[in-house]
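A.B. asks: Input start.txt, format and content: compact mmCIF, C-alpha atoms and all ligand atoms.
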# COMPACT_ATOMS: atom_id res chain seq x y z
CA MET L 1 0.00 0.00 0.00
CA HIS L 2 1.23 3.49 -0.85
CA VAL L 3 -0.51 6.34 0.98
CA VAL L 4 -0.55 10.03 0.08
CA MET L 5 -0.87 11.87 3.38
CA ILE L 6 -2.00 15.47 3.25
CA ASN L 7 -1.82 17.74 6.28
CA GLY L 8 -4.94 19.92 6.03
CA SER L 9 -3.90 22.37 8.74
CA PRO L 10 -3.25 26.02 7.89
CA ARG L 11 -0.44 25.99 10.47
CA ILE L 12 3.04 25.67 9.04
CA GLU L 13 4.36 22.17 9.62
CA LYS L 14 6.82 23.08 12.32
CA TYR L 15 4.02 24.29 14.61
CA SER L 16 1.30 21.90 13.49
CA ASN L 17 -0.06 19.20 15.81
CA THR L 18 -1.32 17.34 12.75
CA ASP L 19 2.24 17.19 11.46
CA LYS L 20 3.38 15.33 14.59
CA ILE L 21 0.39 12.99 14.31
CA ILE L 22 1.23 12.24 10.67
CA SER L 23 4.83 11.41 11.63
CA SER L 24 3.71 8.89 14.21
CA PHE L 25 1.04 7.40 11.95
CA GLY L 26 3.65 7.07 9.19
CA LYS L 27 5.88 5.00 11.46
CA GLY L 28 3.02 2.55 11.89
CA LEU L 29 2.52 2.35 8.11
CA LEU L 30 6.20 1.61 7.55
CA GLU L 31 6.17 -1.03 10.29
CA ARG L 32 3.65 -3.02 8.23
CA GLY L 33 5.45 -2.62 4.92
CA ALA L 34 3.36 0.24 3.55
CA SER L 35 4.95 3.40 2.17
CA PHE L 36 3.81 7.02 2.07
CA GLU L 37 4.53 10.47 0.77
CA ARG L 38 3.45 13.54 2.72
CA TYR L 39 2.33 17.05 1.91
CA ALA L 40 0.97 20.08 3.73
CA ILE L 41 -1.51 22.64 2.41
CA SER L 42 -0.18 25.43 4.64
CA GLU L 43 2.27 26.29 1.86
CA ARG L 44 0.24 27.37 -1.17
CA ARG L 45 3.32 26.83 -3.28
CA SER L 46 2.91 23.08 -2.89
CA TRP L 47 -0.76 22.93 -3.96
CA ASP L 48 0.05 21.90 -7.55
CA ALA L 49 2.26 19.05 -6.33
CA ILE L 50 -0.41 17.89 -3.87
CA ARG L 51 -3.08 17.93 -6.54
CA GLU L 52 -0.83 15.92 -8.83
CA ALA L 53 -0.24 13.32 -6.11
CA TYR L 54 -3.99 13.21 -5.45
CA ILE L 55 -4.68 12.56 -9.14
CA LYS L 56 -1.98 9.91 -9.57
CA ASN L 57 -2.60 7.87 -6.41
CA GLU L 58 -5.52 5.80 -5.15
CA GLU L 59 -4.96 5.78 -1.38
CA ILE L 60 -5.36 9.31 -0.04
CA LEU L 61 -5.42 10.30 3.62
CA ILE L 62 -6.17 13.84 4.72
CA ALA L 63 -5.23 14.57 8.34
CA LEU L 64 -6.72 17.77 9.68
CA PRO L 65 -7.54 19.81 12.76
CA LEU L 66 -11.15 20.64 13.57
CA PHE L 67 -11.65 24.37 12.99
CA VAL L 68 -14.93 25.74 14.36
CA GLU L 69 -16.79 22.44 14.16
CA CYS L 70 -15.72 21.61 10.60
CA VAL L 71 -12.74 21.76 8.27
CA PRO L 72 -10.46 24.83 8.15
CA GLY L 73 -11.36 27.48 5.55
CA LEU L 74 -8.00 27.00 3.84
CA LEU L 75 -8.64 23.28 3.38
CA LEU L 76 -12.06 24.03 1.88
CA GLU L 77 -10.35 26.32 -0.59
CA PHE L 78 -7.83 23.62 -1.50
CA LEU L 79 -10.56 20.99 -1.88
CA GLU L 80 -12.29 23.21 -4.44
CA THR L 81 -9.24 22.84 -6.68
CA LEU L 82 -9.42 19.02 -6.81
CA PRO L 83 -10.77 17.40 -9.97
CA LYS L 84 -13.42 14.67 -9.80
CA LYS L 85 -12.06 11.11 -9.74
CA ASP L 86 -13.73 7.71 -9.62
CA ASP L 87 -14.28 5.17 -6.86
CA ARG L 88 -10.98 3.40 -7.45
CA THR L 89 -9.59 6.18 -5.28
CA ARG L 90 -10.19 5.89 -1.55
CA LEU L 91 -10.22 8.99 0.63
CA SER L 92 -9.79 8.58 4.40
CA PHE L 93 -9.38 11.12 7.17
CA ILE L 94 -7.72 11.70 10.51
CA LEU L 95 -9.74 14.36 12.32
CA GLN L 96 -8.15 15.73 15.48
CA SER L 97 -9.12 18.59 17.77
CA GLY L 98 -8.49 20.61 20.90
CA PHE L 99 -11.54 19.70 22.98
CA ALA L 100 -11.18 16.21 24.36
CA GLU L 101 -14.60 14.53 24.09
CA GLY L 102 -15.48 12.50 21.00
CA SER L 103 -18.84 14.24 20.72
CA GLN L 104 -17.03 17.48 19.87
CA LEU L 105 -15.78 16.08 16.56
CA ARG L 106 -18.95 14.46 15.22
CA CYS L 107 -20.17 17.48 13.28
CA GLY L 108 -16.81 17.71 11.49
CA GLU L 109 -16.80 13.96 10.92
CA ARG L 110 -20.22 14.12 9.26
CA PHE L 111 -18.92 16.63 6.71
CA LEU L 112 -15.95 14.36 5.96
CA GLU L 113 -18.22 11.32 5.53
CA LYS L 114 -20.07 13.09 2.75
CA LEU L 115 -17.09 14.77 1.10
CA PRO L 116 -15.78 11.78 -0.95
CA GLU L 117 -19.12 11.54 -2.74
CA TYR L 118 -18.79 15.14 -3.94
CA LEU L 119 -15.30 14.30 -5.24
CA GLY L 120 -16.49 11.08 -6.91
CA VAL L 121 -14.21 8.87 -4.79
CA CYS L 122 -14.97 6.28 -2.12
CA TYR L 123 -14.82 6.82 1.65
CA GLY L 124 -12.21 5.02 3.76
CA GLY L 125 -13.47 6.16 7.17
CA CYS L 126 -12.40 8.78 9.65
CA LEU L 127 -10.14 8.36 12.67
CA VAL L 128 -11.46 10.75 15.32
CA LYS L 129 -9.68 12.02 18.40
CA GLY L 130 -9.55 15.16 20.52
CA ASP L 131 -7.27 16.52 23.25
CA ASN L 132 -4.44 17.43 20.91
CA PHE L 133 -4.19 21.18 21.51
CA GLY L 134 -0.93 21.04 23.43
CA ILE L 135 1.16 18.66 21.28
CA ARG L 136 3.13 21.43 19.64
CA LEU L 137 3.98 22.99 23.00
CA LEU L 138 5.71 19.79 24.24
CA ASP L 139 9.38 18.93 23.85
CA ALA L 140 10.39 16.19 21.38
CA ALA L 141 10.03 13.37 23.91
CA GLY L 142 6.63 14.67 25.02
CA GLN L 143 5.43 14.91 21.41
CA GLU L 144 6.55 11.35 20.75
CA LYS L 145 4.66 10.12 23.79
CA ALA L 146 1.50 12.11 23.03
CA THR L 147 1.32 10.89 19.44
CA LYS L 148 2.39 7.28 20.04
CA PRO L 149 -1.17 5.88 19.89
CA TYR L 150 -1.37 7.07 16.27
CA ARG L 151 1.47 4.68 15.38
CA ALA L 152 -0.73 1.68 16.13
CA MET L 153 -3.46 3.25 13.98
CA GLY L 154 -0.96 3.57 11.10
CA ALA L 155 -0.18 -0.13 11.42
CA LEU L 156 -3.90 -0.92 11.47
CA PHE L 157 -4.55 1.23 8.39
CA ALA L 158 -1.80 -0.63 6.49
CA GLU L 159 -3.94 -3.77 6.80
CA GLY L 160 -6.30 -2.26 4.28
CA ASP L 161 -9.66 -1.77 6.03
CA GLY L 162 -9.45 1.99 6.29
CA PHE L 163 -10.76 3.23 9.62
CA PHE L 164 -13.75 0.91 9.79
CA ARG L 165 -12.36 -1.59 12.30
CA THR L 166 -13.45 -1.60 15.96
CA GLU L 167 -9.96 -0.56 17.10
CA ALA L 168 -10.24 2.62 15.05
CA LYS L 169 -13.71 3.37 16.43
CA LYS L 170 -12.53 2.85 20.01
CA PHE L 171 -9.57 5.16 19.47
CA THR L 172 -11.80 8.21 19.99
CA GLY L 173 -12.25 7.59 23.71
CA PRO L 174 -15.30 8.81 25.67
CA GLU L 175 -18.02 10.76 23.88
CA TYR L 176 -18.72 12.75 27.07
CA PHE L 177 -16.94 12.90 30.41
CA PRO L 178 -18.89 11.59 33.42
CA LEU L 179 -20.21 14.24 35.81
CA PRO L 180 -17.75 13.64 38.70
CA LEU L 181 -14.83 14.05 36.29
CA ARG L 182 -16.37 17.19 34.83
CA VAL L 183 -16.71 18.71 38.28
CA LEU L 184 -13.06 17.95 38.99
CA MET L 185 -11.91 19.28 35.62
CA GLN L 186 -14.00 22.44 36.07
CA MET L 187 -12.06 23.12 39.27
CA VAL L 188 -8.77 22.56 37.45
CA PHE L 189 -9.89 24.90 34.62
CA LYS L 190 -10.62 27.68 37.10
CA THR L 191 -7.34 27.34 38.96
CA ILE L 192 -4.32 25.39 37.71
CA ALA L 193 -5.19 25.49 33.99
CA LYS L 194 -5.84 29.24 34.08
CA LYS L 195 -2.48 29.80 35.74
CA ARG L 196 -0.70 27.49 33.28
CA PHE L 197 -2.22 29.28 30.28
CA GLN L 198 -1.09 32.64 31.69
CA GLN L 199 2.40 31.17 32.17
CA ALA L 200 2.43 29.89 28.59
CA ALA L 201 1.44 33.39 27.47
CA ALA L 202 4.26 34.91 29.55
CA SER L 203 6.72 32.63 27.76
CA TRP L 204 5.42 34.16 24.51
CA GLY L 205 6.18 37.64 25.89
CA CYS L 206 2.60 38.47 26.92
CA ASP L 207 1.89 40.23 30.20
CA THR L 208 -1.77 41.06 29.46
CA PRO L 209 -4.44 39.02 31.28
CA LEU L 210 -5.70 36.36 28.87
CA ASP L 211 -9.30 37.49 29.38
CA ALA L 212 -8.52 41.14 28.64
CA LYS L 213 -11.32 42.96 26.82
CA ALA L 214 -9.30 44.30 23.92
CA TRP L 215 -11.88 46.88 22.82
CA GLU L 216 -13.20 48.23 26.11
CA MET G 1 -27.64 46.76 15.16
CA ASN G 2 -27.68 43.59 13.07
CA LEU G 3 -24.97 42.62 10.64
CA ILE G 4 -25.28 40.95 7.24
CA LEU G 5 -21.98 39.54 6.00
CA ASP G 6 -22.24 38.90 2.29
CA THR G 7 -19.58 36.69 0.74
CA THR G 8 -21.61 35.61 -2.30
CA GLN G 9 -20.37 36.12 -5.84
CA GLU G 10 -23.86 37.38 -6.77
CA HIS G 11 -23.98 39.84 -3.84
CA LEU G 12 -27.21 38.26 -2.62
CA GLY G 13 -27.15 40.30 0.55
CA LYS G 14 -28.37 43.23 -1.55
CA ARG G 15 -31.64 41.37 -2.15
CA ILE G 16 -32.04 40.80 1.57
CA VAL G 17 -31.48 44.50 2.27
CA GLU G 18 -34.09 45.46 -0.33
CA GLU G 19 -36.58 43.08 1.30
CA LEU G 20 -35.80 44.44 4.75
CA LEU G 21 -36.40 48.01 3.62
CA ARG G 22 -39.62 46.94 1.87
CA SER G 23 -40.79 45.32 5.10
CA GLY G 24 -40.39 48.62 6.92
CA LYS G 25 -36.99 48.23 8.59
CA ARG G 26 -34.88 51.34 8.83
CA GLN G 27 -31.43 51.48 7.26
CA THR G 28 -29.95 52.33 10.67
CA GLU G 29 -31.11 48.99 12.11
CA PHE G 30 -28.74 46.88 10.08
CA GLU G 31 -25.55 46.95 8.08
CA ARG G 32 -24.56 44.85 5.09
CA ILE G 33 -20.88 44.29 4.50
CA ASP G 34 -19.94 42.94 1.10
CA THR G 35 -16.68 41.09 1.69
CA THR G 36 -16.09 40.04 -1.92
CA THR G 37 -13.73 42.92 -2.63
CA MET G 38 -12.04 42.81 0.78
CA GLN G 39 -8.75 41.19 1.71
CA ILE G 40 -9.64 38.53 4.28
CA SER G 41 -7.08 35.83 4.93
CA HIS G 42 -7.77 32.40 6.42
CA CYS G 43 -6.89 31.83 10.09
CA ILE G 44 -3.29 30.65 10.29
CA GLY G 45 -3.74 29.13 13.76
CA CYS G 46 -0.95 31.18 15.34
CA ASN G 47 -2.89 31.44 18.65
CA HIS G 48 -1.62 35.00 19.16
CA CYS G 49 -5.22 36.12 19.76
CA TRP G 50 -5.24 33.89 22.87
CA LEU G 51 -1.66 33.82 24.11
CA LYS G 52 0.33 36.78 22.81
CA THR G 53 -2.04 39.69 22.18
CA PRO G 54 -5.27 38.52 23.88
CA GLY G 55 -8.31 39.49 21.81
CA ILE G 56 -6.30 40.84 18.86
CA CYS G 57 -5.71 38.92 15.62
CA SER G 58 -2.14 39.04 14.33
CA ILE G 59 -3.18 39.18 10.66
CA LYS G 60 -3.34 42.74 9.43
CA ASP G 61 -5.95 42.76 6.68
CA ASP G 62 -9.55 43.96 6.28
CA TYR G 63 -10.98 41.64 8.94
CA ALA G 64 -10.48 43.57 12.22
CA PRO G 65 -13.32 46.11 11.70
CA ILE G 66 -15.67 43.25 10.76
CA LEU G 67 -14.86 41.33 13.93
CA LYS G 68 -15.43 44.43 16.05
CA LYS G 69 -18.84 44.94 14.42
CA MET G 70 -19.70 41.27 14.86
CA SER G 71 -18.86 41.47 18.54
CA GLY G 72 -21.24 44.38 19.09
CA ALA G 73 -24.05 43.14 16.83
CA GLY G 74 -27.30 41.61 18.08
CA GLN G 75 -27.44 39.24 15.13
CA VAL G 76 -24.87 38.21 12.56
CA TRP G 77 -26.17 36.73 9.30
CA PHE G 78 -23.78 34.97 6.94
CA VAL G 79 -24.98 35.18 3.35
CA SER G 80 -22.96 32.48 1.66
CA ASP G 81 -22.42 30.43 -1.44
CA THR G 82 -22.08 26.69 -0.77
CA ARG G 83 -19.60 23.98 -1.72
CA PHE G 84 -19.70 20.30 -0.81
CA GLY G 85 -23.07 21.01 0.84
CA PHE G 86 -21.39 23.40 3.29
CA LEU G 87 -20.43 27.07 3.35
CA SER G 88 -17.97 28.53 0.85
CA TYR G 89 -14.39 28.84 2.02
CA GLN G 90 -14.77 32.63 1.95
CA THR G 91 -17.44 32.41 4.67
CA LYS G 92 -15.61 29.73 6.64
CA ASN G 93 -12.50 31.93 6.73
CA ILE G 94 -14.57 34.67 8.35
CA VAL G 95 -15.95 32.20 10.89
CA ASP G 96 -12.56 30.67 11.72
CA ARG G 97 -11.25 34.11 12.58
CA VAL G 98 -13.90 34.72 15.25
CA LEU G 99 -11.57 33.10 17.80
CA PRO G 100 -10.41 36.40 19.41
CA LEU G 101 -13.96 36.74 20.81
CA ALA G 102 -13.22 33.71 23.00
CA THR G 103 -10.45 33.32 25.54
CA MET G 104 -8.13 30.39 25.99
CA ASN G 105 -9.78 29.62 29.36
CA LEU G 106 -12.04 26.60 29.56
CA LYS G 107 -15.30 25.62 31.24
CA PHE G 108 -18.01 23.00 30.95
CA LYS G 109 -21.38 24.01 29.56
CA ASP G 110 -24.24 21.57 29.00
CA GLY G 111 -21.84 18.69 29.60
CA GLN G 112 -19.21 19.72 27.05
CA MET G 113 -15.97 21.68 27.13
CA ARG G 114 -16.21 25.27 25.90
CA HIS G 115 -14.00 28.31 25.92
CA VAL G 116 -14.89 31.19 28.24
CA MET G 117 -15.99 34.16 26.11
CA ARG G 118 -14.07 37.43 26.23
CA TYR G 119 -16.98 39.89 26.19
CA ASP G 120 -20.27 39.94 28.09
CA HIS G 121 -22.39 40.28 24.96
CA GLN G 122 -22.45 37.59 22.24
CA PRO G 123 -24.16 37.94 18.84
CA ASP G 124 -26.55 35.25 17.60
CA PHE G 125 -25.76 33.67 14.23
CA GLY G 126 -27.89 32.82 11.20
CA ILE G 127 -27.21 31.65 7.64
CA VAL G 128 -28.78 32.45 4.28
CA PHE G 129 -27.23 30.25 1.61
CA ALA G 130 -27.29 29.90 -2.15
CA GLY G 131 -26.78 26.72 -4.18
CA ASP G 132 -26.86 23.08 -3.12
CA GLY G 133 -26.27 23.48 0.59
CA ASP G 134 -27.27 20.62 2.88
CA ARG G 135 -29.71 22.50 5.07
CA ASP G 136 -29.93 19.86 7.82
CA TYR G 137 -26.17 19.75 8.10
CA LEU G 138 -25.83 23.55 8.05
CA ASN G 139 -28.47 23.75 10.80
CA TRP G 140 -26.52 21.34 12.98
CA TRP G 141 -23.25 23.14 12.29
CA CYS G 142 -24.73 26.58 12.98
CA GLN G 143 -26.17 25.39 16.31
CA ARG G 144 -22.82 23.94 17.37
CA MET G 145 -20.88 26.96 16.20
CA ALA G 146 -23.21 29.31 18.09
CA LEU G 147 -22.91 27.16 21.24
CA ASN G 148 -19.14 27.41 21.00
CA PHE G 149 -19.38 31.17 20.97
CA GLY G 150 -21.86 31.41 23.83
CA SER G 151 -24.88 32.29 21.70
CA ARG G 152 -27.65 30.62 19.71
CA SER G 153 -28.46 29.83 16.13
CA LEU G 154 -31.10 31.96 14.41
CA GLY G 155 -31.66 29.31 11.75
CA VAL G 156 -30.49 28.41 8.26
CA PHE G 157 -32.41 29.37 5.13
CA HIS G 158 -31.99 28.94 1.39
CA VAL G 159 -31.93 32.30 -0.37
CA GLU G 160 -35.20 31.35 -2.04
CA GLN G 161 -36.75 31.20 1.46
CA MET G 162 -35.47 34.66 2.26
CA GLN G 163 -38.83 35.73 3.67
CA GLU G 164 -38.51 33.12 6.40
CA ALA G 165 -35.06 34.40 7.28
CA ILE G 166 -36.34 37.96 7.36
CA LYS G 167 -39.02 36.92 9.86
CA CYS G 168 -36.21 35.71 12.14
CA MET G 169 -34.32 38.95 11.80
CA TRP G 170 -35.63 41.34 14.41
CA SER G 171 -38.16 38.82 15.71
C1 LIG L 301 -9.48 28.73 14.25
C2 LIG L 301 -9.48 27.51 15.11
C3 LIG L 301 -10.67 26.86 15.37
C4 LIG L 301 -10.70 25.71 16.17
N1 LIG L 301 -11.90 25.10 16.41
C5 LIG L 301 -11.95 24.00 17.19
C6 LIG L 301 -13.21 23.38 17.49
O1 LIG L 301 -14.27 23.78 17.00
N2 LIG L 301 -13.22 22.32 18.34
C7 LIG L 301 -12.06 21.83 18.87
O2 LIG L 301 -12.13 20.85 19.63
N3 LIG L 301 -10.85 22.36 18.59
C8 LIG L 301 -10.77 23.45 17.77
N4 LIG L 301 -9.56 24.04 17.49
C9 LIG L 301 -8.31 23.43 18.03
C10 LIG L 301 -7.54 22.62 16.99
O3 LIG L 301 -8.35 21.68 16.34
C11 LIG L 301 -6.37 21.88 17.68
O4 LIG L 301 -5.58 22.77 18.40
C12 LIG L 301 -5.53 21.11 16.69
O5 LIG L 301 -4.70 20.22 17.39
C13 LIG L 301 -4.65 22.01 15.83
O6 LIG L 301 -3.89 21.22 14.93
P1 LIG L 301 -2.77 21.91 13.99
O7 LIG L 301 -1.69 22.40 14.91
O8 LIG L 301 -2.27 20.84 13.08
O9 LIG L 301 -3.44 23.01 13.25
C14 LIG L 301 -9.49 25.19 16.71
C15 LIG L 301 -8.29 25.85 16.46
C16 LIG L 301 -8.26 26.99 15.66
C17 LIG L 301 -6.96 27.69 15.40
Take the structure I supplied and represent it as structure tokens, if you would.

C.D. replies:
Amino acid sequence: MHVVMINGSPRIEKYSNTDKIISSFGKGLLERGASFERYAISERRSWDAIREAYIKNEEILIALPLFVECVPGLLLEFLETLPKKDDRTRLSFILQSGFAEGSQLRCGERFLEKLPEYLGVCYGGCLVKGDNFGIRLLDAAGQEKATKPYRAMGALFAEGDGFFRTEAKKFTGPEYFPLPLRVLMQMVFKTIAKKRFQQAAASWGCDTPLDAKAWE
Amino acid sequence: MNLILDTTQEHLGKRIVEELLRSGKRQTEFERIDTTTMQISHCIGCNHCWLKTPGICSIKDDYAPILKKMSGAGQVWFVSDTRFGFLSYQTKNIVDRVLPLATMNLKFKDGQMRHVMRYDHQPDFGIVFAGDGDRDYLNWWCQRMALNFGSRSLGVFHVEQMQEAIKCMWS
């Protein structure tokens, strides 16, 4: 199997969580004897090359961040440039997001389920997982650890069933968090998390409160 | 004041404005912004609006005044072309860049994680679309999007059902 992996994030690769996820997933593909080539839409310069790879190949995987409940505007723009193909081409997706619960990604997933039909190709399923906001802020070892589960999914994908197997469905984790956990997390959000975010901002040279009302 | 953001190639927002005036609304009650000639980039995901310059987008193009108006508006209506059953990328770019209205801080609302909003007032959102949009899907998306930004969906209407949309404006 040869997979064309396209990073659908508008973030340049260096800062993109999707990029780290693709790297880990790719390791899993290689482990099982599959090969891949990878692209990123964040550089408009590469759009012609991506389109060419999309046209020439039959196993396409778009990995993308959820942007306001659906696909990023930039990815929509790129998708408009793709020609129609036939159902010998299979289009699969890795959809990842900031919010952690599976239910947060379902609206985006629904769009992706329908997209292949518009492009004339067949659907290979969608791997769905949240809680990825912080990957890019971790050091190399932390990034490796955070994205390790995607390696197993790469190996699974190389077996040829897209993302339709139970393992891929389970990968999402809980759809909602149980109430006691939510209560606990709410406390963390109001205290430790708030402080951590302000510290992260300070490391970016920001001394303004994160909830500042910019226009008042 | 209500805002009509028109990204359509056919400038369909003009028709809505004509209908509004015909139905007795005053020009001062709403504003239509035609974005087709404006420079509006996609969101590049730099997170500066949360972590470096809270509330301020780092991209210097024609978007900032629009965001400020959106923030103060009672209702925001996206008048959009559709692709793949969804909004056009021009409209989605405008939506993706709404992030400065939220803060990085988190909370739970109705059982799901949400960001804490930056301002006390939030506009409600509605959609008038042209072409082969999937209305059920757009409805679902608009409800979820509005929830994320602490407000509610005003509904989704095909441009041929403009009268229905107009009933929801100022209702
Ligand atoms: C404009 C924008 C909108 C986003 N919308 C959502 C959202 O609706 N739900 C969510 O869970 N995460 C959302 N996120 C978070 C991203 O999906 C998440 O941080 C992802 O890991 C980013 O991947 P990337 O670094 O490859 O772009 C959004 C991020 C940005 C910049």

A.B. asks: Just how far from CA of Lys109 (chain G) is CA of Asp134 (chain G), in Å to one decimal?

C.D. replies: 27.5 Å

A.B. asks: Of the residues G:Thr7, G:Asn47, G:Asn148, G:Gln143, which is the one nearest to Phe197 (chain L), using all atoms listed in the file?

C.D. replies: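 For Phe197 (chain L), the nearest of the given residues is G:Asn47.
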
A.B. asks: Kindly assemble as a Markdown table a list of the chain G residues that lie within 9 Å of chain L, each paired with its nearest atom pair and their distance in Å to one decimal, using all atoms listed in the file, sorted first by chain and then by ascending residue number.

C.D. replies:
| residue | atom | partner | partner_atom | distance |
| --- | --- | --- | --- | --- |
| G:Ser41 | CA | L:Leu74 | CA | 8.9 |
| G:His42 | CA | L:Leu74 | CA | 6.0 |
| G:Cys43 | CA | L:Pro10 | CA | 7.2 |
| G:Ile44 | CA | L:Pro10 | CA | 5.2 |
| G:Gly45 | CA | L:Arg11 | CA | 5.6 |
| G:Cys46 | CA | L:Arg11 | CA | 7.1 |
| G:His48 | CA | L:Trp204 | CA | 8.9 |
| G:Trp50 | CA | L:Leu210 | CA | 6.5 |
| G:Leu51 | CA | L:Ala201 | CA | 4.6 |
| G:Lys52 | CA | L:Cys206 | CA | 5.0 |
| G:Thr53 | CA | L:Cys206 | CA | 6.7 |
| G:Pro54 | CA | L:Leu210 | CA | 5.5 |
| G:Gly55 | CA | L:Ala214 | CA | 5.3 |
| G:Ile56 | CA | L:Ala214 | CA | 6.8 |
| G:Lys68 | CA | L:Trp215 | CA | 8.0 |
| G:Arg83 | CA | L:Glu80 | CA | 7.8 |
| G:Phe84 | CA | L:Tyr118 | CA | 6.1 |
| G:Gly85 | CA | L:Phe111 | CA | 8.4 |
| G:Phe86 | CA | L:Phe111 | CA | 8.0 |
| G:Ser88 | CA | L:Leu76 | CA | 7.5 |
| G:Tyr89 | CA | L:Gly73 | CA | 4.8 |
| G:Gln90 | CA | L:Gly73 | CA | 7.1 |
| G:Thr91 | CA | L:Gly73 | CA | 7.9 |
| G:Lys92 | CA | L:Gly73 | CA | 4.9 |
| G:Asn93 | CA | L:Gly73 | CA | 4.7 |
| G:Ile94 | CA | L:Gly73 | CA | 8.4 |
| G:Val95 | CA | L:Val68 | CA | 7.4 |
| G:Asp96 | CA | L:Val68 | CA | 6.1 |
| G:Leu99 | CA | L:Val68 | CA | 8.8 |
| G:Ala102 | CA | L:Asp211 | CA | 8.4 |
| G:Thr103 | CA | L:Asp211 | CA | 5.8 |
| G:Met104 | CA | L:Leu210 | CA | 7.1 |
| G:Asn105 | CA | L:Lys194 | CA | 6.2 |
| G:Leu106 | CA | L:Phe189 | CA | 5.8 |
| G:Lys107 | CA | L:Gln186 | CA | 5.9 |
| G:Phe108 | CA | L:Gln186 | CA | 6.5 |
| G:Gly111 | CA | L:Tyr176 | CA | 7.2 |
| G:Gln112 | CA | L:Tyr176 | CA | 7.0 |
| G:Met113 | CA | L:Phe99 | CA | 6.4 |
| G:Arg114 | CA | L:Phe99 | CA | 7.8 |
| G:Val116 | CA | L:Asp211 | CA | 8.5 |
| G:Met117 | CA | L:Asp211 | CA | 8.2 |
| G:Arg118 | CA | L:Asp211 | CA | 5.7 |
| G:Tyr119 | CA | L:Lys213 | CA | 6.5 |
| G:Tyr137 | CA | L:Phe111 | CA | 8.0 |
| G:Trp140 | CA | L:Cys107 | CA | 7.4 |
| G:Trp141 | CA | L:Cys107 | CA | 6.5 |
| G:Arg144 | CA | L:Glu69 | CA | 7.0 |
| G:Met145 | CA | L:Val68 | CA | 6.3 |
| G:Asn148 | CA | L:Val68 | CA | 8.0 |

A.B. asks: Pick the closest to Thr147 (chain L) from L:Arg44, L:His2, L:Lys20, L:Lys170: which is it, counting all atoms listed in the file?

C.D. replies: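 Of L:Arg44, L:His2, L:Lys20, L:Lys170, the one nearest Thr147 (chain L), counting all atoms listed in the file, is L:Lys20.
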
A.B. asks: For Gln143 (chain L), please output as an mmCIF file with C-alpha atoms, in the frame of the given file all residues within 12 Å (counting all atoms listed in the file; exclusion window: fewer than 5 positions along the same chain).

C.D. replies:
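This went into around.cif:
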data_model
loop_
_atom_site.group_PDB
_atom_site.id
_atom_site.type_symbol
_atom_site.label_atom_id
_atom_site.label_comp_id
_atom_site.auth_asym_id
_atom_site.auth_seq_id
_atom_site.Cartn_x
_atom_site.Cartn_y
_atom_site.Cartn_z
ATOM 1 C CA TYR L 15 4.020 24.290 14.610
ATOM 2 C CA SER L 16 1.300 21.900 13.490
ATOM 3 C CA ASN L 17 -0.060 19.200 15.810
ATOM 4 C CA THR L 18 -1.320 17.340 12.750
ATOM 5 C CA ASP L 19 2.240 17.190 11.460
ATOM 6 C CA LYS L 20 3.380 15.330 14.590
ATOM 7 C CA ILE L 21 0.390 12.990 14.310
ATOM 8 C CA ILE L 22 1.230 12.240 10.670
ATOM 9 C CA SER L 23 4.830 11.410 11.630
ATOM 10 C CA SER L 24 3.710 8.890 14.210
ATOM 11 C CA ASN L 132 -4.440 17.430 20.910
ATOM 12 C CA PHE L 133 -4.190 21.180 21.510
ATOM 13 C CA GLY L 134 -0.930 21.040 23.430
ATOM 14 C CA ILE L 135 1.160 18.660 21.280
ATOM 15 C CA ARG L 136 3.130 21.430 19.640
ATOM 16 C CA LEU L 137 3.980 22.990 23.000
ATOM 17 C CA LEU L 138 5.710 19.790 24.240
ATOM 18 C CA LYS L 148 2.390 7.280 20.040
ATOM 19 C CA PRO L 149 -1.170 5.880 19.890
ATOM 20 C CA TYR L 150 -1.370 7.070 16.270
#

A.B. asks: Quick one, how far is atom O4 of ligand LIG 301 (chain L) from CA of Gly130 (chain L)?

C.D. replies: 8.8 Å
